[in-house]
>>> print(open('start-v6.txt').read())   # compact mmCIF, C-alpha atoms
# COMPACT_ATOMS: atom_id res chain seq x y z
CA MET A 1 20.04 -28.51 10.95
CA ALA A 2 18.02 -31.69 10.38
CA HIS A 3 17.22 -32.59 6.80
CA ASP A 4 14.49 -34.76 5.37
CA PRO A 5 15.41 -38.26 4.20
CA PRO A 6 16.54 -38.26 0.55
CA ALA A 7 13.66 -40.50 -0.52
CA THR A 8 11.09 -38.02 0.71
CA THR A 9 9.19 -35.75 -1.64
CA TYR A 10 6.36 -33.39 -0.88
CA LYS A 11 3.00 -32.41 -2.07
CA ILE A 12 1.49 -29.03 -1.38
CA SER A 13 -1.26 -29.03 1.18
CA LYS A 14 -4.39 -27.26 0.08
CA ASP A 15 -5.56 -26.97 3.65
CA ARG A 16 -5.93 -23.65 5.37
CA MET A 17 -2.65 -22.22 6.58
CA ASP A 18 -1.87 -22.80 10.23
CA PRO A 19 -0.98 -19.36 11.66
CA GLU A 20 1.61 -20.66 14.10
CA PHE A 21 3.27 -22.72 11.40
CA LEU A 22 3.53 -19.68 9.14
CA ARG A 23 4.76 -17.39 11.91
CA ASN A 24 7.48 -19.85 12.94
CA LYS A 25 8.52 -20.47 9.36
CA LEU A 26 8.74 -16.75 8.63
CA LYS A 27 10.73 -16.12 11.80
CA LEU A 28 13.12 -18.87 10.84
CA LYS A 29 13.40 -17.62 7.27
CA SER A 30 14.14 -14.07 8.39
CA LEU A 31 16.78 -15.25 10.86
CA GLU A 32 18.41 -17.44 8.20
CA ALA A 33 18.41 -14.57 5.70
CA ARG A 34 20.04 -12.19 8.18
CA GLN A 35 22.55 -14.78 9.33
CA SER A 36 23.53 -15.60 5.76
CA LEU A 37 24.10 -11.92 4.94
CA PHE A 38 26.08 -11.20 8.11
CA THR A 39 28.18 -14.38 7.85
CA LYS A 40 29.18 -13.69 4.26
CA TYR A 41 29.65 -9.95 4.77
CA PRO A 42 30.36 -9.30 8.48
CA TYR A 43 30.98 -5.58 7.90
CA VAL A 44 27.33 -5.17 6.86
CA GLU A 45 26.20 -5.99 10.40
CA LYS A 46 28.68 -3.48 11.82
CA PHE A 47 27.67 -0.79 9.34
CA LEU A 48 23.96 -1.20 10.00
CA ALA A 49 24.51 -1.22 13.77
CA GLU A 50 26.51 2.02 13.54
CA LYS A 51 23.72 3.62 11.53
CA GLY A 52 21.07 2.32 13.93
CA ILE A 53 19.30 0.36 11.18
CA GLU A 54 17.54 -2.82 12.25
CA LEU A 55 16.56 -5.10 9.39
CA ASP A 56 13.38 -6.19 11.13
CA LYS A 57 12.36 -2.53 11.41
CA ILE A 58 13.47 -1.53 7.94
CA ARG A 59 10.16 0.15 7.06
CA GLU A 60 10.38 2.43 10.06
CA HIS A 61 13.83 3.51 8.93
CA SER A 62 12.55 4.15 5.41
CA ALA A 63 9.65 6.22 6.77
CA LYS A 64 12.08 8.32 8.85
CA VAL A 65 14.35 8.92 5.86
CA LEU A 66 11.37 9.94 3.75
CA ALA A 67 9.96 12.19 6.46
CA THR A 68 13.30 13.95 6.83
CA GLY A 69 13.47 14.43 3.06
CA ALA A 70 9.93 15.82 2.93
CA LEU A 71 10.68 18.27 5.73
CA THR A 72 13.83 19.48 4.00
CA GLY A 73 11.87 19.86 0.77
CA ALA A 74 9.15 21.82 2.54
CA LEU A 75 11.73 24.20 3.99
CA ILE A 76 13.42 24.76 0.66
CA LEU A 77 10.33 25.09 -1.50
CA THR A 78 7.76 27.59 -0.41
CA PRO A 79 4.10 26.83 -1.16
CA PRO A 80 3.56 29.55 -3.80
CA MET A 81 6.40 28.14 -5.91
CA LEU A 82 4.89 24.68 -5.89
CA THR A 83 1.51 25.71 -7.17
CA GLN A 84 2.84 28.09 -9.77
CA GLY A 85 1.64 27.01 -13.17
CA TYR A 86 -1.46 25.31 -11.82
CA PRO A 87 -4.74 26.86 -12.94
CA SER A 88 -6.51 28.56 -10.05
CA VAL A 89 -9.58 26.75 -8.77
CA THR A 90 -11.73 29.82 -9.48
CA GLU A 91 -10.50 29.81 -13.05
CA ILE A 92 -11.34 26.12 -13.44
CA ILE A 93 -14.83 26.60 -12.06
CA LYS A 94 -15.42 29.59 -14.34
CA ASN A 95 -14.31 27.58 -17.37
CA ILE A 96 -16.75 24.81 -16.49
CA SER A 97 -19.62 27.28 -15.83
CA ASP A 98 -18.98 29.12 -19.07
CA LEU A 99 -19.53 26.05 -21.16
CA LYS A 100 -23.06 26.06 -22.45
CA ASP A 101 -23.44 22.39 -23.12
CA VAL A 102 -23.03 21.23 -19.54
CA GLY A 103 -25.81 18.83 -18.69
CA PRO A 104 -26.69 15.63 -16.89
CA GLY A 105 -24.27 12.91 -17.86
CA ASN A 106 -21.95 15.36 -19.56
CA PRO A 107 -18.42 14.42 -18.56
CA LEU A 108 -17.06 17.96 -18.39
CA PRO A 109 -16.51 18.28 -14.63
CA GLN A 110 -14.86 14.87 -14.66
CA LYS A 111 -12.71 15.91 -17.60
CA ALA A 112 -11.73 19.02 -15.67
CA ILE A 113 -10.64 16.85 -12.76
CA ILE A 114 -8.60 14.60 -15.04
CA ASP A 115 -6.89 17.61 -16.62
CA ILE A 116 -6.10 19.07 -13.21
CA LEU A 117 -4.67 15.81 -11.95
CA ASN A 118 -2.54 15.43 -15.06
CA LYS A 119 -1.09 18.89 -14.48
CA THR A 120 -0.73 18.60 -10.73
CA LEU A 121 0.46 15.11 -9.91
CA PRO A 122 3.93 13.62 -10.33
CA ASP A 123 4.18 10.71 -12.79
CA LYS A 124 4.72 8.11 -10.09
CA PRO A 125 2.69 7.89 -6.87
CA GLN A 126 4.55 9.51 -4.01
CA PRO A 127 3.84 11.73 -1.00
CA LEU A 128 2.59 15.14 -2.14
CA GLU A 129 3.70 18.52 -0.90
CA ARG A 130 1.35 20.27 1.53
CA SER A 131 0.55 22.99 -1.03
CA GLN A 132 -0.41 20.38 -3.63
CA GLU A 133 -2.74 18.74 -1.12
CA LYS A 134 -4.34 22.09 -0.21
CA TYR A 135 -4.91 22.79 -3.87
CA LEU A 136 -6.55 19.40 -4.42
CA GLU A 137 -8.76 19.91 -1.36
CA GLN A 138 -10.16 23.03 -3.05
CA VAL A 139 -10.63 21.18 -6.33
CA PHE A 140 -12.56 18.36 -4.66
CA ALA A 141 -14.71 20.79 -2.68
CA GLN A 142 -15.55 22.98 -5.64
CA ILE A 143 -16.03 20.37 -8.33
CA MET A 144 -17.19 17.28 -6.43
CA GLY A 145 -18.85 19.08 -3.54
CA ILE A 146 -16.97 17.00 -0.96
CA ASN A 147 -15.03 18.70 1.82
CA THR A 148 -11.81 16.81 2.26
CA LYS A 149 -8.59 17.23 4.20
CA ALA A 150 -5.23 15.58 3.70
CA ASN A 151 -4.56 16.51 7.30
CA LEU A 152 -7.65 16.15 9.48
CA GLU A 153 -7.53 16.86 13.21
CA GLY A 154 -3.74 16.55 13.03
CA GLU A 155 -3.81 13.11 11.40
CA HIS A 156 -2.26 12.46 8.01
CA LEU A 157 -1.73 9.29 6.04
CA ASN A 158 1.83 8.42 5.06
CA THR A 159 0.83 9.28 1.53
CA THR A 160 -2.29 10.70 -0.11
CA TYR A 161 -1.19 9.61 -3.58
CA GLY A 162 -0.52 5.92 -4.06
CA LEU A 163 -1.53 2.65 -5.63
CA ILE A 164 -4.75 0.91 -4.65
CA GLY A 165 -5.25 -2.84 -4.93
CA ALA A 166 -8.35 -5.04 -4.94
CA GLU A 167 -9.35 -6.60 -1.63
CA GLN A 168 -11.89 -9.30 -0.81
CA ASN A 169 -15.15 -8.83 1.03
CA LEU A 170 -14.83 -8.74 4.81
CA MET A 171 -16.79 -10.84 7.28
CA ARG A 172 -19.56 -8.64 8.63
CA TYR A 173 -20.47 -10.88 11.58
CA PRO A 174 -19.32 -14.27 12.89
CA GLY A 175 -20.36 -16.95 10.42
CA ASP A 176 -20.93 -14.53 7.54
CA ASN A 177 -20.49 -16.17 4.17
CA VAL A 178 -20.54 -14.25 0.91
CA TYR A 179 -18.68 -14.61 -2.38
CA ASP A 180 -15.01 -13.69 -2.51
CA MET A 181 -14.67 -13.23 1.24
CA ALA A 182 -11.39 -12.83 3.15
CA PRO A 183 -10.85 -15.66 5.65
CA GLY A 184 -10.30 -13.23 8.53
CA LYS A 185 -11.94 -10.18 10.03
CA GLY A 186 -10.90 -6.63 9.25
CA ALA A 187 -8.43 -4.89 11.57
CA TRP A 188 -11.37 -3.45 13.52
CA GLY A 189 -13.16 -6.76 13.92
CA TYR A 190 -16.64 -7.67 12.79
CA PHE A 191 -19.02 -4.94 11.68
CA ALA A 192 -21.76 -6.43 13.86
CA PRO A 193 -21.73 -8.99 16.70
CA SER A 194 -24.29 -11.21 14.95
CA LYS A 195 -26.43 -11.48 11.83
CA ASN A 196 -29.48 -10.32 13.78
CA GLN A 197 -27.69 -7.18 14.88
CA LEU A 198 -26.41 -6.27 11.41
CA THR A 199 -27.70 -2.82 10.43
CA GLU A 200 -27.99 -1.08 7.07
CA ALA A 201 -25.08 1.12 8.16
CA ASP A 202 -22.94 -1.98 8.78
CA ILE A 203 -23.84 -3.36 5.35
CA GLU A 204 -22.85 -0.08 3.69
CA ARG A 205 -19.61 0.09 5.66
CA GLU A 206 -18.51 -3.31 4.45
CA LYS A 207 -19.69 -2.65 0.93
CA TRP A 208 -17.70 0.57 0.58
CA TYR A 209 -14.66 -0.15 2.71
CA ALA A 210 -11.10 1.02 2.19
CA VAL A 211 -7.77 -0.23 3.48
CA VAL A 212 -4.99 2.13 4.54
CA GLN A 213 -1.52 1.46 5.91
CA THR A 214 -2.07 2.42 9.51
CA LEU A 215 0.59 -0.14 10.44
CA TYR A 216 3.29 2.06 8.93
CA LEU A 217 2.20 5.33 10.56
CA PRO A 218 5.22 6.55 12.51
CA ASP A 219 3.20 7.07 15.70
CA TRP A 220 0.83 4.12 15.30
CA ASN A 221 2.21 2.16 18.23
CA SER A 222 2.89 5.07 20.55
CA ARG A 223 -0.58 6.68 20.23
CA GLN A 224 -2.85 3.76 20.96
CA PRO A 225 -5.74 3.36 21.49
CA TYR A 226 -6.50 6.87 20.22
CA LEU A 227 -5.35 6.27 16.65
CA LYS A 228 -7.14 2.95 16.32
CA ASP A 229 -10.41 4.61 17.36
CA TRP A 230 -9.78 7.63 15.16
CA TYR A 231 -9.23 5.57 12.02
CA LYS A 232 -12.08 3.12 12.61
CA TYR A 233 -14.64 3.68 9.81
CA ARG A 234 -13.09 7.08 9.04
CA LYS A 235 -14.46 8.29 5.73
CA VAL A 236 -12.08 8.89 2.86
CA LEU A 237 -12.55 10.19 -0.65
CA ILE A 238 -10.80 7.96 -3.19
CA VAL A 239 -10.22 9.42 -6.65
CA ASN A 240 -8.96 7.36 -9.56
CA THR A 241 -6.28 9.66 -11.00
CA VAL A 242 -6.65 8.20 -14.50
CA ASN A 243 -10.40 8.49 -15.10
CA GLY A 244 -11.53 10.81 -12.30
CA ASN A 245 -14.02 8.31 -10.84
CA ALA A 246 -14.50 8.99 -7.15
CA VAL A 247 -15.99 7.15 -4.24
CA VAL A 248 -16.47 7.83 -0.54
CA ALA A 249 -15.32 4.83 1.48
CA ASP A 250 -14.75 4.04 5.14
CA ILE A 251 -11.54 2.64 6.58
CA ALA A 252 -12.25 -0.88 7.81
CA ASP A 253 -8.95 -2.70 7.50
CA SER A 254 -5.23 -2.09 7.82
CA GLY A 255 -2.81 -2.78 4.98
CA PRO A 256 -1.77 -3.68 2.40
CA ALA A 257 1.74 -4.84 3.26
CA ALA A 258 4.18 -2.46 1.61
CA TRP A 259 6.02 -5.33 -0.09
CA THR A 260 2.96 -5.75 -2.32
CA GLY A 261 3.94 -2.41 -3.88
CA LYS A 262 0.49 -1.01 -3.07
CA HIS A 263 -0.50 1.66 -0.56
CA PHE A 264 -4.27 1.30 -0.28
CA GLY A 265 -6.95 -1.32 -0.75
CA GLY A 266 -10.56 -1.21 -1.83
CA SER A 267 -13.55 -3.51 -1.44
CA PRO A 268 -14.85 -5.21 -4.61
CA GLU A 269 -17.53 -2.51 -4.89
CA VAL A 270 -15.06 0.34 -4.42
CA MET A 271 -12.73 -1.09 -7.06
CA ASN A 272 -15.59 -1.77 -9.45
CA TYR A 273 -16.76 1.82 -9.25
CA LEU A 274 -13.26 3.25 -9.57
CA GLY A 275 -12.25 1.27 -12.60
CA GLY A 276 -14.70 -1.45 -13.59
CA PRO A 277 -14.90 -5.19 -12.90
CA ARG A 278 -11.38 -5.92 -14.16
CA TYR A 279 -9.73 -3.10 -12.21
CA LYS A 280 -7.24 -4.66 -9.78
CA LYS A 281 -4.63 -1.97 -9.26
CA GLY A 282 -4.21 1.70 -10.08
CA SER A 283 -3.13 5.10 -8.87
CA VAL A 284 -5.49 7.02 -6.61
CA LEU A 285 -5.71 10.01 -4.30
CA VAL A 286 -7.02 9.34 -0.79
CA PHE A 287 -8.15 12.28 1.36
CA PHE A 288 -10.07 12.26 4.65
CA VAL A 289 -13.67 13.44 4.30
CA ASP A 290 -14.35 16.33 6.66
CA ASP A 291 -17.82 15.31 7.74
CA PRO A 292 -18.40 16.11 11.43
CA GLU A 293 -22.17 15.74 11.10
CA ASN A 294 -21.95 12.44 9.24
CA LYS A 295 -23.92 13.73 6.26
CA VAL A 296 -21.77 12.45 3.40
CA PRO A 297 -23.03 9.04 2.27
CA LEU A 298 -20.70 6.19 1.47
CA GLY A 299 -20.52 5.16 -2.16
CA PRO A 300 -20.00 6.69 -5.60
CA VAL A 301 -19.57 10.44 -6.01
CA GLU A 302 -21.43 11.25 -9.19
CA TYR A 303 -20.17 14.76 -9.46
CA ASN A 304 -21.12 15.29 -13.04
CA GLN A 305 -24.69 15.62 -11.84
CA VAL A 306 -24.30 17.73 -8.69
CA GLU A 307 -24.80 21.45 -8.27
CA GLU A 308 -22.27 23.19 -6.12
CA THR A 309 -21.80 26.61 -4.70
CA GLY A 310 -21.07 28.90 -7.57
CA VAL A 311 -21.09 26.13 -10.14
CA LYS A 312 -24.08 25.00 -12.10
CA MET A 313 -23.23 21.52 -13.20
CA VAL A 314 -26.71 20.66 -14.45
CA GLN A 315 -28.28 22.56 -17.31
CA ALA A 316 -31.43 24.45 -16.31
CA MET B 1 4.93 6.51 3.32
CA SER B 2 7.20 3.61 3.93
CA THR B 3 8.80 2.42 0.74
CA LEU B 4 11.71 0.15 -0.06
CA PHE B 5 13.41 0.17 -3.42
CA TRP B 6 12.30 -3.36 -4.22
CA ASP B 7 8.58 -2.82 -3.53
CA GLY B 8 6.31 -3.73 -6.42
CA ILE B 9 9.03 -5.05 -8.75
CA VAL B 10 7.63 -8.56 -8.57
CA ASP B 11 4.21 -9.73 -7.55
CA PHE B 12 4.29 -11.17 -4.05
CA SER B 13 0.57 -11.92 -4.04
CA GLY B 14 1.29 -15.63 -3.43
CA VAL B 15 2.81 -14.69 -0.08
CA LYS B 16 -0.09 -12.35 0.62
CA VAL B 17 -2.53 -15.20 -0.01
CA LEU B 18 -0.68 -17.44 2.46
CA ILE B 19 -0.92 -14.75 5.12
CA GLN B 20 -4.60 -14.19 4.36
CA GLU B 21 -5.22 -17.90 4.69
CA THR B 22 -4.24 -17.75 8.34
CA GLY B 23 -7.36 -15.67 8.96
CA TYR B 24 -5.22 -13.29 11.01
CA SER B 25 -6.12 -9.64 11.21
CA GLY B 26 -4.81 -6.54 12.94
CA MET B 27 -1.52 -6.77 14.77
CA ASP B 28 -1.11 -10.50 14.19
CA ARG B 29 -1.21 -10.00 10.44
CA GLU B 30 1.05 -6.96 10.66
CA GLU B 31 3.65 -9.08 12.47
CA LEU B 32 3.65 -11.56 9.59
CA ASP B 33 3.88 -8.75 7.03
CA LYS B 34 6.92 -7.36 8.83
CA LEU B 35 8.58 -10.77 8.93
CA VAL B 36 8.27 -10.93 5.14
CA ASP B 37 10.13 -7.61 4.91
CA ALA B 38 12.73 -8.89 7.34
CA THR B 39 13.28 -11.91 5.10
CA ILE B 40 13.35 -10.26 1.69
CA THR B 41 15.52 -7.25 2.54
CA PRO B 42 18.65 -9.12 3.75
CA LYS B 43 18.29 -11.58 0.88
CA ILE B 44 18.19 -8.87 -1.79
CA MET B 45 21.05 -7.02 -0.07
CA GLU B 46 23.14 -10.18 -0.14
CA LYS B 47 22.39 -10.76 -3.81
CA ILE B 48 23.33 -7.18 -4.71
CA LEU B 49 26.58 -7.42 -2.74
CA ASP B 50 27.36 -10.75 -4.45
CA ASP B 51 27.04 -8.93 -7.75
CA ILE B 52 29.25 -5.88 -7.22
CA PRO B 53 33.00 -5.66 -6.52
CA GLU B 54 33.91 -5.80 -2.85
CA GLU B 55 35.63 -2.41 -2.96
CA ARG B 56 32.25 -0.82 -3.71
CA HIS B 57 30.36 -2.59 -0.94
CA GLU B 58 30.71 0.25 1.52
CA ASP B 59 29.49 2.74 -1.10
CA PHE B 60 26.46 0.55 -1.63
CA LEU B 61 25.75 0.41 2.09
CA VAL B 62 25.90 4.20 2.29
CA VAL B 63 23.46 4.57 -0.64
CA PHE B 64 21.23 1.90 0.90
CA SER B 65 21.12 3.54 4.32
CA GLU B 66 20.28 6.96 2.89
CA LYS B 67 18.15 6.07 -0.13
CA LEU B 68 16.60 2.71 0.64
CA HIS B 69 13.24 4.06 -0.57
CA ASP B 70 14.64 5.39 -3.83
CA ARG B 71 14.73 2.83 -6.62
CA ASP B 72 16.35 5.26 -9.06
CA ALA B 73 19.20 5.96 -6.64
CA ILE B 74 19.88 2.29 -5.84
CA PHE B 75 19.53 1.11 -9.42
CA GLY B 76 21.58 4.07 -10.64
CA PHE B 77 24.38 3.09 -8.29
CA ILE B 78 24.33 -0.54 -9.45
CA ALA B 79 24.22 0.55 -13.10
CA GLU B 80 27.23 2.80 -12.59
CA VAL B 81 29.24 0.12 -10.75
CA LYS B 82 28.46 -2.59 -13.27
CA GLY B 83 28.59 -0.31 -16.30
CA ILE B 84 25.14 -1.30 -17.51
CA LYS B 85 21.88 0.51 -18.25
CA GLY B 86 19.19 1.20 -15.66
CA GLU B 87 16.72 -1.02 -17.51
CA GLU B 88 19.16 -3.90 -17.33
CA VAL B 89 19.45 -3.41 -13.58
CA GLU B 90 15.67 -3.53 -13.30
CA GLU B 91 15.55 -6.80 -15.23
CA MET B 92 18.37 -8.21 -13.14
CA MET B 93 16.64 -7.26 -9.90
CA LYS B 94 13.40 -8.71 -11.15
CA GLY B 95 15.12 -12.04 -11.71
CA LYS B 96 16.70 -11.98 -8.26
CA LEU B 97 13.42 -11.10 -6.55
CA GLU B 98 11.54 -13.79 -8.46
CA GLY B 99 14.07 -16.28 -7.13
CA ILE B 100 13.62 -14.98 -3.59
CA LYS B 101 9.85 -15.15 -3.93
CA ASP B 102 9.92 -18.73 -5.23
CA GLY B 103 12.23 -19.80 -2.42
CA LEU B 104 10.03 -18.12 0.13
CA LEU B 105 6.85 -19.70 -1.20
CA GLN B 106 8.40 -23.16 -1.34
CA GLY B 107 9.56 -22.85 2.22
CA LEU B 108 6.30 -21.55 3.60
CA ARG B 109 3.70 -23.99 2.33
CA PRO B 110 2.96 -26.77 4.81
CA ARG B 111 3.97 -30.00 3.15
CA ASP B 112 2.48 -33.40 3.57
CA GLU B 113 5.35 -35.84 3.42
CA ILE B 114 5.02 -38.73 1.01
CA THR B 115 7.60 -41.32 0.20
CA ALA B 116 9.10 -41.33 -3.25
CA GLU B 117 8.71 -45.09 -3.52
CA THR B 118 5.05 -45.47 -2.74
CA GLY B 119 3.64 -41.98 -3.20
CA VAL B 120 1.66 -42.58 -0.03
CA SER B 121 1.39 -40.09 2.76
CA LYS B 122 3.37 -40.85 5.86
CA ARG B 123 0.52 -39.56 7.99
>>> encode(input="start-v6.txt", output="C-alpha cells")
Amino acid sequence: MAHDPPATTYKISKDRMDPEFLRNKLKLKSLEARQSLFTKYPYVEKFLAEKGIELDKIREHSAKVLATGALTGALILTPPMLTQGYPSVTEIIKNISDLKDVGPGNPLPQKAIIDILNKTLPDKPQPLERSQEKYLEQVFAQIMGINTKANLEGEHLNTTYGLIGAEQNLMRYPGDNVYDMAPGKGAWGYFAPSKNQLTEADIEREKWYAVVQTLYLPDWNSRQPYLKDWYKYRKVLIVNTVNGNAVVADIADSGPAAWTGKHFGGSPEVMNYLGGPRYKKGSVLVFFVDDPENKVPLGPVEYNQVEETGVKMVQA
Amino acid sequence: MSTLFWDGIVDFSGVKVLIQETGYSGMDREELDKLVDATITPKIMEKILDDIPEERHEDFLVVFSEKLHDRDAIFGFIAEVKGIKGEEVEEMMKGKLEGIKDGLLQGLRPRDEITAETGVSKR
C-alpha cells in the first residue's frame, strides 16, 4: 500500500464531506478491519462461515437472534403471567376519577402514566412482550385519549421501547434554509416540491417529525415499495417514559444508525416538548397511532386537560 | 430491534456528523451506516480476542454468535475469562472502542496535504 512522504502532515478540511470519498474510505476501512481479523485469527473466518454470519450483515444476524429469542419467550410465557401484578386499566381510571382535586393543569393523569410505566417497563429499553404492549395501548387510549397500536395492519417496529436522540430540522423543499438544518433530505424526500407549494400540513409534518429504524426491519428490502409507502408520514405516539410527556409525530426519516446506541429520533420541536431544550437523549415508547380518518393532530398531547370516555379529567 | 453488544458504549456522533455532511439520505445513507458496523465489529472482535487466552477463543466465538446483542452475556464471559469484574470489562471496552472511534475519524476526514517544511498546501 502506498504511504505518504514522511515530510507530509495534514490539516483537517472543514469543507463538506464528499460522499464518494467517504463511501470509498469506509469500504476500504471495513475490508482492512476484516482482513486484519481473519489474517490474525484464520479460524474466526471459518467459524463465522459455518454459522452463516456475514460481518457486513451483522445487524441482520442480531435481529434474527433477537426475534428467535422473543418467539421462544412468547411461547414459554403466556400473556396473563406477564401482566400479573400490573394494576388493571379500569382500576387506574377509577383511582384518577375518584380524586376530587383533579383540575386543569393538575398533573395527576400524567403522574398515573409515570407510575404505570415505572411498574410495567424493564429498566433498560428493549423489545416488549406483546401483552405489555396491549396493556400500554389501553393505558394510552384511556388516559391520553389516543388510540395506538404496537402492531398496526400487521406492521411492527423492531422495538416500541428504546432511546430517542435529537435530530436536526429537515429540508422542506429544495433551497429551504432554517436554523439547525440537516444537510440532506429525509428518507422520503422533500415535504414539498417548492416553497410555493409548501402547505400548512407540510410545515406541521416537518415540525413534528420522528425517525424510526426502518432500515433494520427484517422485511424492509423484500417488501418494497409497500413498506416505504406505509411508513411515510405514519403517525406515532411518542411517550417520554421518565416524565410522561407525550407527542404525536409523523415518520419522516429513517434511522438512527444502531451504532449510535439510539433507536429513534425526534425533530427539535419533538425533543423540546418531550424533555425541554436541553433534552438530547432519553427512553421513550413509540406506538403507531390508529387514525384511519386522519383526525389526530400532530404535536403535543396535553392529556392532563382532556376528557375521555369514562374519565373526567377536568373539574366541572 | 437490531442491537450489538457494543452499541452506545461510546459516542460515535463524530462519525454520524461525517455521514450527515454528505447530504445523503435513504438507502445511500443506510449503506454508509452499515459500512460503519462492518468496520467496528471486526475491530472490536480482534481486540477482544487479543485480550483473552487462545484456548478460550472458540468459546468467545460461540457466545458472540448466539448473544451478540447481549452486553451482559459478552461482558460476563470476558469477566469470567480474565477474572475481573463486569464494571472493569465495561471500562476496558470503552477504552478499546474510543481507540477504534479515533482511528476511524482520523481515517475518514478528507485531508489537505501540506508540507512539514513550509506549512503550505500542496494544492
>>> interface_residues(input="start-v6.txt", of="chain B", to="chain A", cutoff="7 Å", atoms="all atoms listed in the file", output="ChimeraX atom specification")
/B:1-4,7-8,11-13,18,20-26,30,32-39,42-43,46,66,68-69,108-116
>>> write_last_selection(input="start-v6.txt", atoms="C-alpha atoms", output="PDB file, keeping the file's coordinate frame")
ATOM      1  CA  MET B   1       4.930   6.510   3.320  1.00  0.00           C
ATOM      2  CA  SER B   2       7.200   3.610   3.930  1.00  0.00           C
ATOM      3  CA  THR B   3       8.800   2.420   0.740  1.00  0.00           C
ATOM      4  CA  LEU B   4      11.710   0.150  -0.060  1.00  0.00           C
ATOM      5  CA  ASP B   7       8.580  -2.820  -3.530  1.00  0.00           C
ATOM      6  CA  GLY B   8       6.310  -3.730  -6.420  1.00  0.00           C
ATOM      7  CA  ASP B  11       4.210  -9.730  -7.550  1.00  0.00           C
ATOM      8  CA  PHE B  12       4.290 -11.170  -4.050  1.00  0.00           C
ATOM      9  CA  SER B  13       0.570 -11.920  -4.040  1.00  0.00           C
ATOM     10  CA  LEU B  18      -0.680 -17.440   2.460  1.00  0.00           C
ATOM     11  CA  GLN B  20      -4.600 -14.190   4.360  1.00  0.00           C
ATOM     12  CA  GLU B  21      -5.220 -17.900   4.690  1.00  0.00           C
ATOM     13  CA  THR B  22      -4.240 -17.750   8.340  1.00  0.00           C
ATOM     14  CA  GLY B  23      -7.360 -15.670   8.960  1.00  0.00           C
ATOM     15  CA  TYR B  24      -5.220 -13.290  11.010  1.00  0.00           C
ATOM     16  CA  SER B  25      -6.120  -9.640  11.210  1.00  0.00           C
ATOM     17  CA  GLY B  26      -4.810  -6.540  12.940  1.00  0.00           C
ATOM     18  CA  GLU B  30       1.050  -6.960  10.660  1.00  0.00           C
ATOM     19  CA  LEU B  32       3.650 -11.560   9.590  1.00  0.00           C
ATOM     20  CA  ASP B  33       3.880  -8.750   7.030  1.00  0.00           C
ATOM     21  CA  LYS B  34       6.920  -7.360   8.830  1.00  0.00           C
ATOM     22  CA  LEU B  35       8.580 -10.770   8.930  1.00  0.00           C
ATOM     23  CA  VAL B  36       8.270 -10.930   5.140  1.00  0.00           C
ATOM     24  CA  ASP B  37      10.130  -7.610   4.910  1.00  0.00           C
ATOM     25  CA  ALA B  38      12.730  -8.890   7.340  1.00  0.00           C
ATOM     26  CA  THR B  39      13.280 -11.910   5.100  1.00  0.00           C
ATOM     27  CA  PRO B  42      18.650  -9.120   3.750  1.00  0.00           C
ATOM     28  CA  LYS B  43      18.290 -11.580   0.880  1.00  0.00           C
ATOM     29  CA  GLU B  46      23.140 -10.180  -0.140  1.00  0.00           C
ATOM     30  CA  GLU B  66      20.280   6.960   2.890  1.00  0.00           C
ATOM     31  CA  LEU B  68      16.600   2.710   0.640  1.00  0.00           C
ATOM     32  CA  HIS B  69      13.240   4.060  -0.570  1.00  0.00           C
ATOM     33  CA  LEU B 108       6.300 -21.550   3.600  1.00  0.00           C
ATOM     34  CA  ARG B 109       3.700 -23.990   2.330  1.00  0.00           C
ATOM     35  CA  PRO B 110       2.960 -26.770   4.810  1.00  0.00           C
ATOM     36  CA  ARG B 111       3.970 -30.000   3.150  1.00  0.00           C
ATOM     37  CA  ASP B 112       2.480 -33.400   3.570  1.00  0.00           C
ATOM     38  CA  GLU B 113       5.350 -35.840   3.420  1.00  0.00           C
ATOM     39  CA  ILE B 114       5.020 -38.730   1.010  1.00  0.00           C
ATOM     40  CA  THR B 115       7.600 -41.320   0.200  1.00  0.00           C
ATOM     41  CA  ALA B 116       9.100 -41.330  -3.250  1.00  0.00           C
TER      42      ALA B 116
END
>>> atom_distance(input="start-v6.txt", atom1="atom CA of Lys82 of chain B", atom2="atom CA of Thr39 of chain A")
24.2 Å
>>> atom_distance(input="start-v6.txt", atom1="atom CA of Tyr179 of chain A", atom2="atom CA of Ser267 of chain A")
12.3 Å
>>> atom_distance(input="start-v6.txt", atom1="atom CA of Ile251 of chain A", atom2="atom CA of Gln142 of chain A")
24.1 Å
>>> closest_residue(input="start-v6.txt", among="B:Ile84, B:Ile100, B:Val62, B:Ala79", to="Val10 of chain B", atoms="only C-alpha atoms")
B:Ile100
>>> closest_residue(input="start-v6.txt", among="B:Val17, B:Met27, B:Ile40, B:Ile74", to="Leu97 of chain B", atoms="only C-alpha atoms")
B:Ile40
>>> closest_residue(input="start-v6.txt", among="B:Phe5, B:Ile52, B:Lys101, B:Glu80", to="Phe64 of chain B", atoms="only C-alpha atoms")
B:Phe5
